[in-house]
$ cat model_7.cif   # mmCIF, C-alpha atoms and all ligand atoms
data_work
#
loop_
_atom_site.label_atom_id
_atom_site.label_comp_id
_atom_site.auth_asym_id
_atom_site.auth_seq_id
_atom_site.Cartn_x
_atom_site.Cartn_y
_atom_site.Cartn_z
CA MET A 1 -11.06 44.16 7.45
CA PRO A 2 -7.59 43.29 8.86
CA SER A 3 -6.70 45.37 11.88
CA THR A 4 -3.53 45.90 13.90
CA LEU A 5 -3.35 46.34 17.66
CA LEU A 6 -0.24 48.02 19.05
CA THR A 7 -0.02 46.95 22.71
CA ASN A 8 2.00 47.77 25.84
CA ALA A 9 2.87 51.26 24.74
CA ASN A 10 3.16 54.67 26.35
CA VAL A 11 1.16 56.74 23.92
CA ALA A 12 1.72 60.48 23.46
CA THR A 13 -1.66 61.19 21.90
CA LEU A 14 -1.22 65.01 21.77
CA MET A 15 -4.92 65.25 22.61
CA GLY A 16 -5.96 68.06 24.94
CA GLU A 17 -5.03 71.73 25.06
CA SER A 18 -1.43 71.29 26.19
CA GLY A 19 1.15 68.68 27.17
CA TYR A 20 1.74 65.28 25.61
CA GLY A 21 -1.73 63.79 26.15
CA LEU A 22 0.18 60.84 27.57
CA MET A 23 -1.56 57.49 28.13
CA ASN A 24 0.73 54.98 29.81
CA GLU A 25 0.30 51.21 29.36
CA SER A 26 -2.06 51.69 26.48
CA ALA A 27 -2.91 50.31 23.07
CA ILE A 28 -3.89 51.62 19.64
CA LEU A 29 -6.15 49.88 17.14
CA ILE A 30 -5.60 50.59 13.46
CA GLU A 31 -7.94 49.58 10.69
CA SER A 32 -6.95 50.18 7.11
CA ASP A 33 -5.34 53.66 7.06
CA THR A 34 -7.15 55.00 10.12
CA ILE A 35 -6.79 55.04 13.90
CA LYS A 36 -9.92 53.31 15.24
CA TRP A 37 -9.36 53.32 18.96
CA VAL A 38 -6.86 54.34 21.67
CA GLY A 39 -7.30 53.05 25.23
CA SER A 40 -6.02 51.07 28.16
CA MET A 41 -4.50 47.59 27.92
CA SER A 42 -7.34 46.05 29.93
CA GLU A 43 -9.95 47.32 27.46
CA ALA A 44 -7.80 46.31 24.50
CA ARG A 45 -8.27 42.61 25.25
CA ARG A 46 -11.62 42.62 23.46
CA PHE A 47 -10.01 43.09 20.02
CA VAL A 48 -9.38 39.38 19.63
CA ASP A 49 -9.11 39.32 15.84
CA ALA A 50 -6.44 41.99 15.46
CA GLU A 51 -2.82 41.28 14.64
CA ILE A 52 -0.90 42.18 17.81
CA ILE A 53 2.38 44.08 17.89
CA ASP A 54 3.84 44.23 21.41
CA CYS A 55 5.62 47.55 21.92
CA ARG A 56 7.20 46.38 25.22
CA GLY A 57 6.80 49.65 27.04
CA GLY A 58 8.09 51.79 24.17
CA LEU A 59 6.71 55.20 23.26
CA ILE A 60 4.30 55.87 20.40
CA THR A 61 3.94 59.38 18.98
CA PRO A 62 2.19 60.70 15.89
CA GLY A 63 4.40 60.67 12.79
CA LEU A 64 6.58 63.77 12.97
CA ILE A 65 5.84 66.70 10.68
CA ASP A 66 8.49 69.10 9.36
CA CYS A 67 6.26 72.01 8.33
CA HIS A 68 8.85 74.38 6.83
CA THR A 69 11.69 73.24 4.57
CA HIS A 70 13.51 74.26 1.40
CA LEU A 71 14.78 70.72 0.86
CA VAL A 72 15.06 70.86 -2.94
CA TYR A 73 17.95 72.96 -4.26
CA GLY A 74 21.11 72.71 -6.33
CA GLY A 75 24.64 73.04 -4.99
CA ASP A 76 25.67 74.17 -1.53
CA ARG A 77 26.66 77.37 0.28
CA ALA A 78 29.51 76.15 2.46
CA ASP A 79 31.62 79.08 1.23
CA GLU A 80 29.11 81.51 2.71
CA PHE A 81 29.31 79.68 6.01
CA GLU A 82 33.03 80.43 5.94
CA GLN A 83 32.44 84.05 4.89
CA ARG A 84 30.05 84.61 7.78
CA LEU A 85 32.63 83.27 10.20
CA GLU A 86 35.11 85.72 8.69
CA GLY A 87 32.75 88.56 9.56
CA LEU A 88 30.23 89.09 6.73
CA SER A 89 26.54 89.05 7.66
CA TYR A 90 23.77 87.05 5.96
CA SER A 91 22.30 90.31 4.59
CA GLU A 92 25.68 91.55 3.30
CA ILE A 93 26.26 88.29 1.45
CA ALA A 94 22.76 88.57 -0.07
CA GLU A 95 23.36 92.20 -1.11
CA ARG A 96 26.58 91.14 -2.88
CA GLY A 97 24.61 88.69 -5.03
CA GLY A 98 25.28 85.60 -2.93
CA GLY A 99 22.75 84.03 -0.60
CA ILE A 100 19.50 82.87 -2.15
CA ARG A 101 20.60 84.09 -5.60
CA SER A 102 23.61 81.79 -5.55
CA SER A 103 21.33 78.81 -4.89
CA VAL A 104 19.09 80.05 -7.69
CA ALA A 105 21.98 79.83 -10.16
CA ALA A 106 22.84 76.28 -9.05
CA THR A 107 19.20 75.18 -9.05
CA ARG A 108 18.54 76.53 -12.52
CA GLN A 109 21.56 74.63 -13.82
CA ALA A 110 20.49 71.30 -12.33
CA SER A 111 18.13 68.93 -14.13
CA GLN A 112 15.05 67.54 -12.42
CA ALA A 113 16.83 64.20 -12.00
CA GLU A 114 19.89 65.89 -10.46
CA LEU A 115 17.78 67.89 -8.01
CA LEU A 116 16.02 64.70 -7.00
CA GLN A 117 19.31 62.90 -6.42
CA GLN A 118 20.64 65.77 -4.31
CA ALA A 119 17.49 65.99 -2.20
CA LYS A 120 17.27 62.26 -1.40
CA PRO A 121 19.98 62.03 1.30
CA ARG A 122 18.65 65.18 2.98
CA LEU A 123 15.22 63.66 3.11
CA GLN A 124 16.52 60.27 4.24
CA GLN A 125 17.78 61.72 7.48
CA LEU A 126 14.33 63.13 8.26
CA LEU A 127 12.63 59.87 7.27
CA ASP A 128 14.92 57.91 9.59
CA GLU A 129 13.74 60.12 12.45
CA GLY A 130 10.07 59.35 11.88
CA VAL A 131 8.98 62.22 9.65
CA THR A 132 5.79 61.21 7.81
CA THR A 133 4.80 64.65 6.46
CA ILE A 134 7.06 67.35 5.11
CA GLU A 135 6.47 70.74 3.57
CA ILE A 136 8.84 71.65 0.73
CA LYS A 137 9.01 75.11 -0.80
CA SER A 138 10.05 76.25 -4.24
CA GLY A 139 11.92 79.55 -4.32
CA TYR A 140 15.30 78.77 -5.89
CA GLY A 141 13.96 78.76 -9.45
CA LEU A 142 12.44 82.24 -9.62
CA ASP A 143 11.11 81.75 -13.13
CA CYS A 144 8.23 79.70 -14.39
CA GLU A 145 10.18 76.71 -15.69
CA ASN A 146 12.47 76.36 -12.69
CA GLU A 147 9.87 76.93 -9.98
CA ILE A 148 7.75 74.21 -11.60
CA LYS A 149 10.83 71.97 -11.87
CA MET A 150 11.44 72.31 -8.12
CA LEU A 151 7.82 71.56 -7.25
CA ARG A 152 7.81 68.48 -9.48
CA VAL A 153 10.87 67.21 -7.64
CA ALA A 154 9.15 67.84 -4.30
CA SER A 155 6.13 65.94 -5.53
CA SER A 156 8.14 62.95 -6.73
CA LEU A 157 9.97 62.73 -3.39
CA GLY A 158 6.57 61.99 -1.85
CA ASP A 159 5.82 59.24 -4.38
CA ILE A 160 9.22 57.60 -4.03
CA HIS A 161 9.52 57.70 -0.25
CA ASP A 162 6.00 57.12 1.00
CA LEU A 163 5.49 60.35 2.89
CA ARG A 164 3.08 63.22 2.47
CA VAL A 165 4.71 66.21 0.77
CA CYS A 166 2.99 69.59 1.04
CA LYS A 167 4.20 71.77 -1.80
CA THR A 168 4.51 75.49 -1.17
CA PHE A 169 5.07 78.00 -3.96
CA LEU A 170 7.68 80.57 -2.89
CA GLY A 171 8.22 82.45 -6.15
CA ALA A 172 8.63 85.64 -4.10
CA HIS A 173 11.69 84.41 -2.20
CA ALA A 174 14.22 86.82 -3.72
CA LEU A 175 14.45 89.10 -6.71
CA PRO A 176 16.10 87.24 -9.59
CA LEU A 177 19.08 89.00 -11.18
CA GLU A 178 17.28 89.57 -14.49
CA PHE A 179 14.73 91.69 -12.62
CA ALA A 180 17.24 93.80 -10.64
CA ASN A 181 15.60 97.16 -9.87
CA ALA A 182 12.29 95.87 -11.27
CA ALA A 183 10.69 94.17 -8.28
CA ASP A 184 7.17 95.19 -9.19
CA GLU A 185 7.53 93.74 -12.69
CA TYR A 186 8.73 90.49 -11.15
CA ILE A 187 5.75 90.40 -8.77
CA ASP A 188 3.47 90.94 -11.77
CA LEU A 189 5.08 87.96 -13.52
CA VAL A 190 4.60 85.81 -10.41
CA CYS A 191 0.93 86.76 -10.24
CA SER A 192 0.10 86.65 -13.93
CA THR A 193 2.04 83.55 -14.98
CA MET A 194 4.26 81.68 -12.52
CA LEU A 195 1.77 80.99 -9.73
CA PRO A 196 -1.26 80.30 -11.97
CA GLN A 197 0.76 77.85 -14.10
CA ALA A 198 2.19 76.00 -11.11
CA ALA A 199 -1.27 75.85 -9.53
CA ALA A 200 -2.83 74.59 -12.77
CA GLU A 201 -0.40 71.65 -12.70
CA GLY A 202 -1.64 70.76 -9.20
CA LEU A 203 1.77 71.59 -7.74
CA VAL A 204 0.74 74.18 -5.14
CA ASP A 205 -0.79 73.45 -1.74
CA ALA A 206 0.07 76.88 -0.26
CA VAL A 207 1.77 80.15 -1.21
CA ASP A 208 4.60 81.76 0.78
CA VAL A 209 6.36 85.14 0.51
CA PHE A 210 9.64 86.33 2.07
CA ILE A 211 8.68 89.70 3.56
CA GLU A 212 11.94 91.38 4.52
CA THR A 213 14.18 94.35 3.73
CA ILE A 214 16.36 92.09 1.55
CA ALA A 215 13.34 90.52 -0.18
CA PHE A 216 9.80 91.90 -0.69
CA ASP A 217 7.80 94.62 1.07
CA THR A 218 4.24 94.33 2.33
CA MET A 219 2.73 96.03 -0.75
CA GLN A 220 4.36 93.45 -2.99
CA ALA A 221 3.41 90.62 -0.63
CA ARG A 222 -0.19 91.86 -0.65
CA LYS A 223 -0.32 91.44 -4.44
CA ILE A 224 0.85 87.83 -4.12
CA PHE A 225 -1.61 87.15 -1.30
CA ASP A 226 -4.49 88.57 -3.37
CA CYS A 227 -3.51 86.45 -6.33
CA ALA A 228 -3.17 83.29 -4.20
CA SER A 229 -6.49 83.98 -2.47
CA ALA A 230 -8.21 84.38 -5.85
CA LEU A 231 -6.88 80.91 -6.74
CA GLY A 232 -8.23 79.55 -3.44
CA LEU A 233 -4.76 78.79 -2.07
CA PRO A 234 -3.83 79.17 1.62
CA LEU A 235 -1.01 81.50 2.63
CA LYS A 236 2.20 81.35 4.63
CA ALA A 237 4.90 83.98 5.15
CA HIS A 238 8.56 84.33 6.12
CA VAL A 239 8.35 87.35 8.42
CA GLU A 240 10.29 89.28 11.01
CA GLN A 241 13.42 87.15 10.52
CA LEU A 242 16.02 89.93 10.29
CA SER A 243 13.91 93.04 10.97
CA ASN A 244 10.28 94.04 11.41
CA ILE A 245 8.56 95.54 8.38
CA GLY A 246 5.01 94.54 9.29
CA GLY A 247 4.86 91.11 7.67
CA THR A 248 3.03 89.42 10.51
CA GLN A 249 0.34 92.09 10.55
CA LEU A 250 -0.22 91.58 6.84
CA ALA A 251 -0.33 87.79 7.22
CA CYS A 252 -2.88 88.19 10.03
CA GLU A 253 -5.06 90.36 7.83
CA TYR A 254 -5.20 87.42 5.38
CA ASN A 255 -5.60 84.78 8.09
CA ALA A 256 -2.49 82.99 6.82
CA LEU A 257 -1.83 79.39 7.90
CA SER A 258 1.44 80.43 9.51
CA VAL A 259 3.97 83.16 10.15
CA ASP A 260 7.48 81.73 10.16
CA HIS A 261 10.71 82.87 11.92
CA ILE A 262 9.28 85.92 13.89
CA GLU A 263 12.38 86.67 15.98
CA TYR A 264 11.69 90.39 15.46
CA LEU A 265 7.95 90.21 16.19
CA ARG A 266 7.08 92.66 18.98
CA ASP A 267 5.13 91.65 22.07
CA ASP A 268 2.45 94.21 21.26
CA GLU A 269 1.79 92.51 17.91
CA VAL A 270 1.02 89.12 19.43
CA PRO A 271 -2.60 89.81 20.51
CA GLU A 272 -3.55 90.47 16.89
CA LEU A 273 -1.88 87.21 15.88
CA ALA A 274 -3.85 85.42 18.58
CA GLU A 275 -7.12 86.58 17.04
CA THR A 276 -6.42 84.66 13.83
CA ASP A 277 -6.01 80.92 13.18
CA THR A 278 -2.39 81.57 12.24
CA VAL A 279 0.33 79.34 13.71
CA ALA A 280 3.69 80.76 14.85
CA VAL A 281 6.40 78.61 13.26
CA LEU A 282 9.75 78.93 15.05
CA LEU A 283 12.91 77.95 13.18
CA PRO A 284 15.76 77.46 15.65
CA GLY A 285 18.13 76.15 12.96
CA ALA A 286 18.27 79.54 11.21
CA TYR A 287 18.62 81.34 14.54
CA TYR A 288 21.53 79.07 15.43
CA VAL A 289 23.35 79.09 12.09
CA LEU A 290 23.06 82.87 11.64
CA ARG A 291 24.13 83.34 15.28
CA GLU A 292 21.09 85.52 15.82
CA THR A 293 20.61 86.95 19.28
CA GLN A 294 17.06 88.33 19.02
CA LEU A 295 14.70 85.74 20.52
CA PRO A 296 11.12 85.22 19.31
CA PRO A 297 8.49 86.56 21.79
CA LEU A 298 7.82 83.17 23.38
CA GLU A 299 6.24 84.43 26.61
CA SER A 300 3.72 86.55 24.70
CA LEU A 301 2.92 83.68 22.34
CA ARG A 302 2.24 81.47 25.35
CA LYS A 303 0.25 84.11 27.19
CA HIS A 304 -2.01 84.68 24.20
CA ARG A 305 -2.21 80.95 23.39
CA VAL A 306 -0.86 81.22 19.87
CA PRO A 307 -0.17 77.68 18.62
CA ILE A 308 3.58 77.20 18.18
CA ALA A 309 5.11 74.87 15.61
CA ILE A 310 8.80 74.28 15.00
CA ALA A 311 10.56 73.16 11.84
CA SER A 312 14.01 72.47 10.45
CA ASP A 313 13.88 75.18 7.73
CA ALA A 314 16.29 72.82 5.93
CA ASN A 315 17.97 75.01 3.29
CA PRO A 316 21.46 75.58 1.90
CA GLY A 317 21.98 79.00 3.48
CA SER A 318 20.49 79.88 6.83
CA SER A 319 19.72 76.39 8.08
CA PRO A 320 21.55 73.37 6.63
CA LEU A 321 19.81 71.25 9.28
CA HIS A 322 18.27 67.88 8.46
CA SER A 323 17.33 66.51 11.85
CA ILE A 324 13.86 67.02 13.29
CA LEU A 325 14.98 65.63 16.66
CA LEU A 326 17.83 68.14 16.87
CA THR A 327 15.40 70.88 15.83
CA MET A 328 13.23 69.94 18.82
CA ASN A 329 16.21 70.00 21.14
CA MET A 330 17.31 73.40 19.77
CA ALA A 331 13.81 74.84 20.25
CA CYS A 332 14.15 73.95 23.93
CA THR A 333 17.75 74.95 24.56
CA LEU A 334 17.78 78.10 22.38
CA PHE A 335 14.19 79.38 22.62
CA GLY A 336 13.10 77.92 25.98
CA LEU A 337 10.27 75.69 24.79
CA THR A 338 9.36 72.80 27.03
CA PRO A 339 9.84 69.30 25.55
CA ALA A 340 6.03 68.99 25.39
CA GLU A 341 5.81 72.24 23.41
CA ALA A 342 8.57 70.94 21.12
CA LEU A 343 6.67 67.70 20.45
CA ARG A 344 3.41 69.61 19.87
CA GLY A 345 5.45 71.80 17.51
CA THR A 346 6.38 68.86 15.28
CA THR A 347 3.01 67.10 15.47
CA LEU A 348 -0.36 68.77 16.09
CA ASN A 349 0.72 72.39 15.66
CA ALA A 350 2.83 71.54 12.63
CA ALA A 351 -0.27 69.90 11.13
CA LYS A 352 -2.18 73.12 11.85
CA ALA A 353 0.51 75.15 10.11
CA LEU A 354 -0.20 73.05 7.01
CA GLY A 355 -3.99 73.13 7.38
CA LEU A 356 -4.03 69.37 8.00
CA ASP A 357 -4.90 69.12 11.70
CA ASP A 358 -8.22 67.47 10.91
CA GLN A 359 -6.29 64.55 9.36
CA ILE A 360 -2.92 64.16 11.09
CA GLY A 361 -0.85 65.41 14.04
CA SER A 362 -2.42 63.51 16.95
CA LEU A 363 -3.31 59.94 17.83
CA GLU A 364 -7.07 59.91 18.07
CA PRO A 365 -9.86 57.90 16.46
CA GLY A 366 -10.62 59.03 12.94
CA LYS A 367 -7.19 60.42 12.16
CA GLN A 368 -4.84 58.91 9.61
CA ALA A 369 -2.62 56.22 11.10
CA ASP A 370 0.74 57.99 10.86
CA LEU A 371 2.79 57.02 13.90
CA VAL A 372 6.25 56.22 15.21
CA ILE A 373 7.33 53.64 17.79
CA TRP A 374 10.38 54.77 19.76
CA ASP A 375 12.72 52.80 21.98
CA VAL A 376 12.26 55.20 24.90
CA HIS A 377 9.73 55.13 27.73
CA LYS A 378 8.78 58.80 27.94
CA PRO A 379 8.53 61.65 25.44
CA SER A 380 11.09 63.98 27.03
CA MET A 381 13.75 61.40 26.04
CA LEU A 382 13.18 62.25 22.38
CA VAL A 383 14.00 65.89 22.96
CA TYR A 384 16.75 65.80 25.53
CA GLN A 385 19.21 63.40 23.93
CA ILE A 386 21.35 64.85 21.15
CA GLY A 387 22.50 62.70 18.26
CA LEU A 388 20.69 59.52 19.25
CA ASN A 389 17.84 58.26 17.11
CA PRO A 390 15.57 55.86 19.02
CA CYS A 391 13.11 55.38 16.11
CA VAL A 392 12.11 51.70 15.96
CA ALA A 393 9.21 51.64 13.51
CA VAL A 394 7.23 54.04 11.33
CA MET A 395 3.66 53.58 10.10
CA ARG A 396 2.33 55.81 7.33
CA ALA A 397 -1.37 55.76 6.47
CA GLY A 398 -1.78 52.37 8.16
CA ARG A 399 1.15 50.65 6.40
CA TRP A 400 4.58 50.03 7.88
CA ARG A 401 7.15 52.19 6.16
CA LYS A 402 9.68 50.84 8.61
CA PRO A 403 8.23 47.68 10.18
CA PRO A 404 8.96 46.77 13.78
CA VAL A 405 11.42 43.92 14.06
CA VAL A 406 9.42 41.16 15.72
CA GLY A 407 10.57 40.76 19.30
CA GLU A 408 12.24 44.18 19.30
CA ALA A 409 9.38 46.59 18.88
O1 LIG B 501 13.88 80.47 5.78
N1 LIG B 501 14.40 83.52 4.92
C1 LIG B 501 14.37 83.16 3.78
N2 LIG B 501 14.51 81.93 3.34
C2 LIG B 501 15.27 80.92 3.97
C3 LIG B 501 16.71 81.06 3.68
C4 LIG B 501 17.01 80.68 2.33
C5 LIG B 501 18.46 80.73 1.99
O2 LIG B 501 19.30 81.38 2.65
O3 LIG B 501 18.75 80.08 0.98
C6 LIG B 501 15.00 80.84 5.46
O4 LIG B 501 15.84 81.14 6.31
FE FE B 502 12.54 79.29 5.26
#

$ encode --input "model_7.cif" --output "structure tokens" --more "lines below"
Ligand code: NIG
Ligand code: FE
Amino acid sequence: MPSTLLTNANVATLMGESGYGLMNESAILIESDTIKWVGSMSEARRFVDAEIIDCRGGLITPGLIDCHTHLVYGGDRADEFEQRLEGLSYSEIAERGGGIRSSVAATRQASQAELLQQAKPRLQQLLDEGVTTIEIKSGYGLDCENEIKMLRVASSLGDIHDLRVCKTFLGAHALPLEFANAADEYIDLVCSTMLPQAAAEGLVDAVDVFIETIAFDTMQARKIFDCASALGLPLKAHVEQLSNIGGTQLACEYNALSVDHIEYLRDDEVPELAETDTVAVLLPGAYYVLRETQLPPLESLRKHRVPIAIASDANPGSSPLHSILLTMNMACTLFGLTPAEALRGTTLNAAKALGLDDQIGSLEPGKQADLVIWDVHKPSMLVYQIGLNPCVAVMRAGRWRKPPVVGEA
């Protein structure tokens, strides 16, 4: 079987409980789509039959994982950006029928082909920065036909661009206009028809709910979680973004894959979170764009060893952010993560937030060969520089998506 040996690299394996798992002057052996071996240059000499790629002291990390996005949507919300700067809040805009509902109108109007065309440049930016796995949510269709349309687009982005797309059903993102004052009826429709149909088409890897004063309460979320659990689907939740109505506690009760946002999570709620397998997903883009001032309880998360992931939350409203490297920088400058925590947040812990940490997220034998070669010598360089993209080559499942230029790797 043909094998590839990446030599003379500083490898951020992400193995171990914390830090980068850095192995300087090391090599990685890849066979087919799998990492076979990681070790020192002196030991690597025995792999005489492998094709050798000399990384010349560059850095290798796992392929980056953006574990929370709303990348597929119609239109834009630049006007709301202006309105917020003129003094309206995100919640006020939503209450006046803007916000998510305005993206719902534009998404319903767009054809599948149009949604795909609009999503491509957003995705391209993430691909250029070494993203090999992305999660994409529905949630701007809010009826059966349009939620399925969004998920089909998400799925085809994966086929076209050679990356893994995890599709999350977010039918309970907002109350559609036609169900105004009938939230429970809408939840019944989600449970009886929308989610089962999307799942039957193989379009749902996980189910998410927006639990918030401007969205759905915990009773309604519980119905969705019960329905998803009956279908055998893992759960995620948007919680404690603008207020605290007990979303994290509910998600913990169901051992959700992740709780996302959590600026308003209280310190005294963190121990319960730590008892589950649930990952805390921090979204600094939304914090930044909404000019939020409430910080997520980072010290408590650390103290109780809750795994922390970070993601772009790419969406037209709260986080029109399409750079995973900038997301990592923001997590450090805005939330106080260390660069090592930021890299764990877009690799191993992001994989955990998607239930995929047995397959991807670190560079260790047996895992899928998703990796990036960077033209920097140490991992902190990825996080500290703003607006520079040192990505040299990207391998996805053992094949070069972006091959190294010989002599420049
Ligand atoms: O993660 N919080 C809810 N959902 C998105 C925002 C969606 C939107 O504003 O369109 C978020 O911030
Ligand atoms: Fe989100």

$ residues_near_ligand --input "model_7.cif" --ligand "ligand FE 502 (chain B)" --cutoff "9 Å" --atoms "all atoms listed in the file" --output "list of chain:residue names"
A:His68, A:Thr69, A:His70, A:Lys137, A:Phe210, A:Ala237, A:His238, A:Asp260, A:His261, A:Leu283, A:Ala286, A:Ser312, A:Asp313, A:Ala314, A:Asn315, A:Ser318, A:Ser319

$ atom_distance --input "model_7.cif" --atom1 "atom CA of A:Glu292" --atom2 "atom CA of A:Arg101"
21.5 Å

$ closest_residue --input "model_7.cif" --among "A:Tyr186, A:Ala251, A:Glu86, A:Gly74" --to "A:Asn146" --atoms "all atoms listed in the file"
A:Gly74

$ residues_around --input "model_7.cif" --residues "A:Ser156" --least-positions-apart "3" --cutoff "12 Å" --atoms "only C-alpha atoms" --output "list in words"
Val72, Gln112, Ala113, Leu115, Leu116, Gln117, Ala119, Lys120, Ile136, Lys149, Met150, Leu151, Arg152, Val153, Asp159, Ile160, His161, Asp162, Leu163, Arg164, Val165, Cys166, Lys167 and Leu203 of chain A

$ residues_around --input "model_7.cif" --residues "A:Leu6" --least-positions-apart "2" --cutoff "12 Å" --atoms "all atoms listed in the file" --output "MDAnalysis selection string"
chainID A and resid 3:4 8:11 25:31 35:41 44:45 47 50:60 369 371:373 393 395 398 404 409

$ residues_around --input "model_7.cif" --residues "A:Thr61" --least-positions-apart "3" --cutoff "12 Å" --atoms "all atoms listed in the file" --output "VMD selection string"
chain A and resid 9 to 15 20 to 23 28 58 64 to 65 129 to 132 340 343 to 344 346 to 348 360 to 364 369 to 380 382 391 to 395

$ write_last_selection --input "model_7.cif" --atoms "C-alpha atoms" --output "mmCIF file, keeping the file's coordinate frame"
data_model
loop_
_atom_site.group_PDB
_atom_site.id
_atom_site.type_symbol
_atom_site.label_atom_id
_atom_site.label_comp_id
_atom_site.auth_asym_id
_atom_site.auth_seq_id
_atom_site.Cartn_x
_atom_site.Cartn_y
_atom_site.Cartn_z
ATOM 1 C CA ALA A 9 2.870 51.260 24.740
ATOM 2 C CA ASN A 10 3.160 54.670 26.350
ATOM 3 C CA VAL A 11 1.160 56.740 23.920
ATOM 4 C CA ALA A 12 1.720 60.480 23.460
ATOM 5 C CA THR A 13 -1.660 61.190 21.900
ATOM 6 C CA LEU A 14 -1.220 65.010 21.770
ATOM 7 C CA MET A 15 -4.920 65.250 22.610
ATOM 8 C CA TYR A 20 1.740 65.280 25.610
ATOM 9 C CA GLY A 21 -1.730 63.790 26.150
ATOM 10 C CA LEU A 22 0.180 60.840 27.570
ATOM 11 C CA MET A 23 -1.560 57.490 28.130
ATOM 12 C CA ILE A 28 -3.890 51.620 19.640
ATOM 13 C CA GLY A 58 8.090 51.790 24.170
ATOM 14 C CA LEU A 64 6.580 63.770 12.970
ATOM 15 C CA ILE A 65 5.840 66.700 10.680
ATOM 16 C CA GLU A 129 13.740 60.120 12.450
ATOM 17 C CA GLY A 130 10.070 59.350 11.880
ATOM 18 C CA VAL A 131 8.980 62.220 9.650
ATOM 19 C CA THR A 132 5.790 61.210 7.810
ATOM 20 C CA ALA A 340 6.030 68.990 25.390
ATOM 21 C CA LEU A 343 6.670 67.700 20.450
ATOM 22 C CA ARG A 344 3.410 69.610 19.870
ATOM 23 C CA THR A 346 6.380 68.860 15.280
ATOM 24 C CA THR A 347 3.010 67.100 15.470
ATOM 25 C CA LEU A 348 -0.360 68.770 16.090
ATOM 26 C CA ILE A 360 -2.920 64.160 11.090
ATOM 27 C CA GLY A 361 -0.850 65.410 14.040
ATOM 28 C CA SER A 362 -2.420 63.510 16.950
ATOM 29 C CA LEU A 363 -3.310 59.940 17.830
ATOM 30 C CA GLU A 364 -7.070 59.910 18.070
ATOM 31 C CA ALA A 369 -2.620 56.220 11.100
ATOM 32 C CA ASP A 370 0.740 57.990 10.860
ATOM 33 C CA LEU A 371 2.790 57.020 13.900
ATOM 34 C CA VAL A 372 6.250 56.220 15.210
ATOM 35 C CA ILE A 373 7.330 53.640 17.790
ATOM 36 C CA TRP A 374 10.380 54.770 19.760
ATOM 37 C CA ASP A 375 12.720 52.800 21.980
ATOM 38 C CA VAL A 376 12.260 55.200 24.900
ATOM 39 C CA HIS A 377 9.730 55.130 27.730
ATOM 40 C CA LYS A 378 8.780 58.800 27.940
ATOM 41 C CA PRO A 379 8.530 61.650 25.440
ATOM 42 C CA SER A 380 11.090 63.980 27.030
ATOM 43 C CA LEU A 382 13.180 62.250 22.380
ATOM 44 C CA CYS A 391 13.110 55.380 16.110
ATOM 45 C CA VAL A 392 12.110 51.700 15.960
ATOM 46 C CA ALA A 393 9.210 51.640 13.510
ATOM 47 C CA VAL A 394 7.230 54.040 11.330
ATOM 48 C CA MET A 395 3.660 53.580 10.100
#

$ closest_residue --input "model_7.cif" --among "A:Tyr384, A:Leu231, A:Gly141, A:Thr218" --to "A:Gly247" --atoms "only C-alpha atoms"
A:Thr218

$ residues_around --input "model_7.cif" --residues "A:Ile214" --least-positions-apart "2" --cutoff "12 Å" --atoms "only C-alpha atoms" --output "PyMOL selection string"
chain A and resi 90-101+172-175+183+210-212+216-217+238-245

$ closest_residue --input "model_7.cif" --among "A:Gln385, A:Ser89, A:Asn24, A:Gln118" --to "ligand LIG 501 (chain B)" --atoms "all atoms listed in the file"
A:Ser89

$ closest_residue --input "model_7.cif" --among "A:Pro365, A:Ala228, A:Ser323, A:Gly317" --to "A:Leu290" --atoms "all atoms listed in the file"
A:Gly317

$ axis_aligned_box --input "model_7.cif" --around "ligand LIG 501 (chain B)" --padding-each-side "6 Å" --output "JSON"
{"center_x": 16.6, "center_y": 81.8, "center_z": 3.6, "size_x": 17.4, "size_y": 15.4, "size_z": 17.3}
